[in-house]
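Chemist: One structure, as C-alpha cells, below. Some questions next.
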Amino acid sequence: MKCATLISFLLGVVAAAPYELLSKRKLDDHQWGPSKETGCPAYLKRGQFESPHYITQISAREPNRAFGPRYNGLFTPNDISTIFSFDVPASRADANCTLEFLFPRRNQLRTSSFTYEGTGTFFFTGYRAGSCPGPETTFNNQPALAPYPPFPPIHMEPGYAYTIDVGPCFVGAGKCVAGFTSTNDTYFSYLQESNDCPIGIYTSYSYGLPCEPPFC
C-alpha cells in the first residue's frame, strides 16, 4: 500500500519513505451531483471531513506582510504561498486521515470559481503539529517547519481529485495541524468551497483499513 505514514503534510512526523502523490482521479460530471442519501457532494461525506479552519497567505517578496484570515487559496510563482490549518478533533484519534485536493473544472462549479494560468507545479510542505498560523503570520514568522523534507512537486490541473496522503489521525488528534502550498510556475486563485461542487484542500475521515489507491 502506497501510504506515506501519519498524514505527513499535516502532522509533522518523520517518515523514512519518500513522499509521493498517492492517486489522481478524474472528476466526471455525474460525480458532482448531491448524494440522494446525504445531500452532500461526492468525495465529502457529511460529518466525515474537515475544511481548513484557517487560511492565510505569505509572500517571499513581502516577507513582513501579514495577510490575516482569508477564504481563498492564492499561489503565484516563487512568491505567494497559502497556509492551510486544520483542527483535528481528539475524538478522531482512531480514524484514518486522508488529505486531498479537489480540483473540478470551472464549468462543474456552482458557487465558486478559479483562475489558473501556468503549467501546474505545486509543492506541499508541512509544519510541526501544534505549530499553526494566526492573524500576525508572515513569511518571516511562519510556523515551525516539520523535521522532514517537502513533498516532491505535484502536477495539478482542473478536472481531478488528488490524494496527497493517507495515514492514522492519532498524532494530530486534538491539535492544530497545518502546512503551506507553493508554486514556481503557476498563478492559481480559487474560493475554498465545500457546497454543491467542492474545490480545495480537505481532510476526510474513515475507519478500518485505509483503502488502496486510486479509491482513497
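By convention in this document, the chains of the C-alpha cells carry letters A, B, ... by their order, each chain's residues are numbered from 1, and ligands are numbered from 1 in the order they are shown.
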Please identify all polymer residues within 7 Å of Phe84 in chain A, counting only C-alpha atoms, omitting same-chain residues fewer than 3 positions from it, and present them as a PyMOL selection string.

Modeler: chain A and resi 52+54-56+178-180

Chemist: Quick one: residues within 12 Å of His53 in chain A, only C-alpha atoms counted, chain neighbours fewer than 4 positions away excluded, as a ChimeraX atom specification?

Modeler: /A:49,69-71,83-89,132-134,175-178,192,201-203

Chemist: Restrict the selected residues to N, CA and C atoms and save them as an mmCIF file, in the first residue's frame.

Modeler:
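Resulting contents of selection.cif:
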```cif
data_model
loop_
_atom_site.group_PDB
_atom_site.id
_atom_site.type_symbol
_atom_site.label_atom_id
_atom_site.label_comp_id
_atom_site.auth_asym_id
_atom_site.auth_seq_id
_atom_site.Cartn_x
_atom_site.Cartn_y
_atom_site.Cartn_z
ATOM 1 N N PHE A 49 -15.526 14.927 7.221
ATOM 2 C CA PHE A 49 -14.422 15.679 6.630
ATOM 3 C C PHE A 49 -14.265 17.007 7.356
ATOM 4 N N PRO A 69 -6.707 36.426 8.078
ATOM 5 C CA PRO A 69 -7.562 35.309 7.642
ATOM 6 C C PRO A 69 -8.114 35.527 6.242
ATOM 7 N N ARG A 70 -8.138 34.468 5.473
ATOM 8 C CA ARG A 70 -8.640 34.504 4.099
ATOM 9 C C ARG A 70 -9.595 33.344 3.861
ATOM 10 N N TYR A 71 -10.360 33.452 2.778
ATOM 11 C CA TYR A 71 -11.276 32.384 2.386
ATOM 12 C C TYR A 71 -10.862 31.738 1.075
ATOM 13 N N ILE A 83 -1.203 29.079 3.349
ATOM 14 C CA ILE A 83 -1.153 28.197 4.513
ATOM 15 C C ILE A 83 -2.563 27.709 4.808
ATOM 16 N N PHE A 84 -2.696 26.407 4.989
ATOM 17 C CA PHE A 84 -3.969 25.795 5.369
ATOM 18 C C PHE A 84 -3.802 25.147 6.739
ATOM 19 N N SER A 85 -4.717 25.431 7.646
ATOM 20 C CA SER A 85 -4.646 24.885 9.007
ATOM 21 C C SER A 85 -5.932 24.140 9.333
ATOM 22 N N PHE A 86 -5.794 22.936 9.887
ATOM 23 C CA PHE A 86 -6.929 22.109 10.277
ATOM 24 C C PHE A 86 -6.901 21.862 11.778
ATOM 25 N N ASP A 87 -8.066 21.748 12.378
ATOM 26 C CA ASP A 87 -8.196 21.312 13.772
ATOM 27 C C ASP A 87 -8.767 19.896 13.753
ATOM 28 N N VAL A 88 -7.931 18.917 14.045
ATOM 29 C CA VAL A 88 -8.375 17.522 14.053
ATOM 30 C C VAL A 88 -8.898 17.207 15.451
ATOM 31 N N PRO A 89 -10.187 16.898 15.606
ATOM 32 C CA PRO A 89 -10.735 16.644 16.938
ATOM 33 C C PRO A 89 -10.062 15.456 17.622
ATOM 34 N N CYS A 132 0.902 26.538 14.442
ATOM 35 C CA CYS A 132 -0.130 26.930 13.488
ATOM 36 C C CYS A 132 -0.157 28.430 13.239
ATOM 37 N N PRO A 133 -0.770 28.859 12.138
ATOM 38 C CA PRO A 133 -0.783 30.268 11.771
ATOM 39 C C PRO A 133 -1.834 31.063 12.527
ATOM 40 N N GLY A 134 -1.711 32.378 12.445
ATOM 41 C CA GLY A 134 -2.676 33.292 13.041
ATOM 42 C C GLY A 134 -2.676 34.605 12.285
ATOM 43 N N LYS A 175 -5.132 18.566 18.080
ATOM 44 C CA LYS A 175 -4.166 19.632 17.825
ATOM 45 C C LYS A 175 -4.530 20.379 16.549
ATOM 46 N N CYS A 176 -3.931 21.538 16.428
ATOM 47 C CA CYS A 176 -3.967 22.277 15.176
ATOM 48 C C CYS A 176 -2.825 21.755 14.307
ATOM 49 N N VAL A 177 -3.123 21.408 13.061
ATOM 50 C CA VAL A 177 -2.100 20.902 12.148
ATOM 51 C C VAL A 177 -2.177 21.697 10.851
ATOM 52 N N ALA A 178 -1.026 22.037 10.299
ATOM 53 C CA ALA A 178 -1.013 22.972 9.174
ATOM 54 C C ALA A 178 0.158 22.705 8.242
ATOM 55 N N GLN A 192 -12.177 28.614 -1.578
ATOM 56 C CA GLN A 192 -12.377 27.325 -0.915
ATOM 57 C C GLN A 192 -13.859 27.151 -0.624
ATOM 58 N N ILE A 201 -8.662 22.055 -0.587
ATOM 59 C CA ILE A 201 -7.995 21.023 0.191
ATOM 60 C C ILE A 201 -8.856 20.632 1.395
ATOM 61 N N TYR A 202 -8.914 19.341 1.685
ATOM 62 C CA TYR A 202 -9.752 18.820 2.761
ATOM 63 C C TYR A 202 -9.042 17.661 3.462
ATOM 64 N N THR A 203 -9.411 17.452 4.720
ATOM 65 C CA THR A 203 -9.055 16.234 5.430
ATOM 66 C C THR A 203 -10.331 15.441 5.639
#
```

Chemist: To test your reading of the structure, identify every residue in range 56-166 of chain A that backbone DSSP assigns to helix (DSSP H, G or I), and report it as a compact mmCIF listing (two decimals) with C-alpha atoms, in the first residue's frame.

Modeler:
```txt
# COMPACT_ATOMS: atom_id res chain seq x y z
CA ALA A 90 -9.39 14.41 19.70
CA SER A 91 -12.34 12.11 19.03
CA ARG A 92 -10.78 11.24 15.65
CA ARG A 106 -14.70 25.56 -13.95
CA ASN A 107 -17.95 24.50 -15.64
CA GLN A 108 -18.58 21.95 -12.86
```

Chemist: Please compute the CA of Pro198 in chain A-CA of Phe123 in chain A distance, one decimal, in Å.

Modeler: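 Going from CA of Pro198 in chain A over to CA of Phe123 in chain A, I get 21.2 Å.
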
Chemist: Using only C-alpha atoms, which of the listed residues (A:Thr125, A:Thr76, A:Asn96, A:Ser112) sits closest to Glu193 in chain A?

Modeler: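 Of A:Thr125, A:Thr76, A:Asn96, A:Ser112, the one nearest Glu193 in chain A, counting only C-alpha atoms, is A:Ser112.
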
Chemist: Quick one: of A:Thr186, A:Ser131, A:Ser59, A:Thr115, who's nearest to Met156 in chain A, counting only C-alpha atoms?

Modeler: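 Once distances to Met156 in chain A are computed over only C-alpha atoms, the minimum belongs to A:Thr186.
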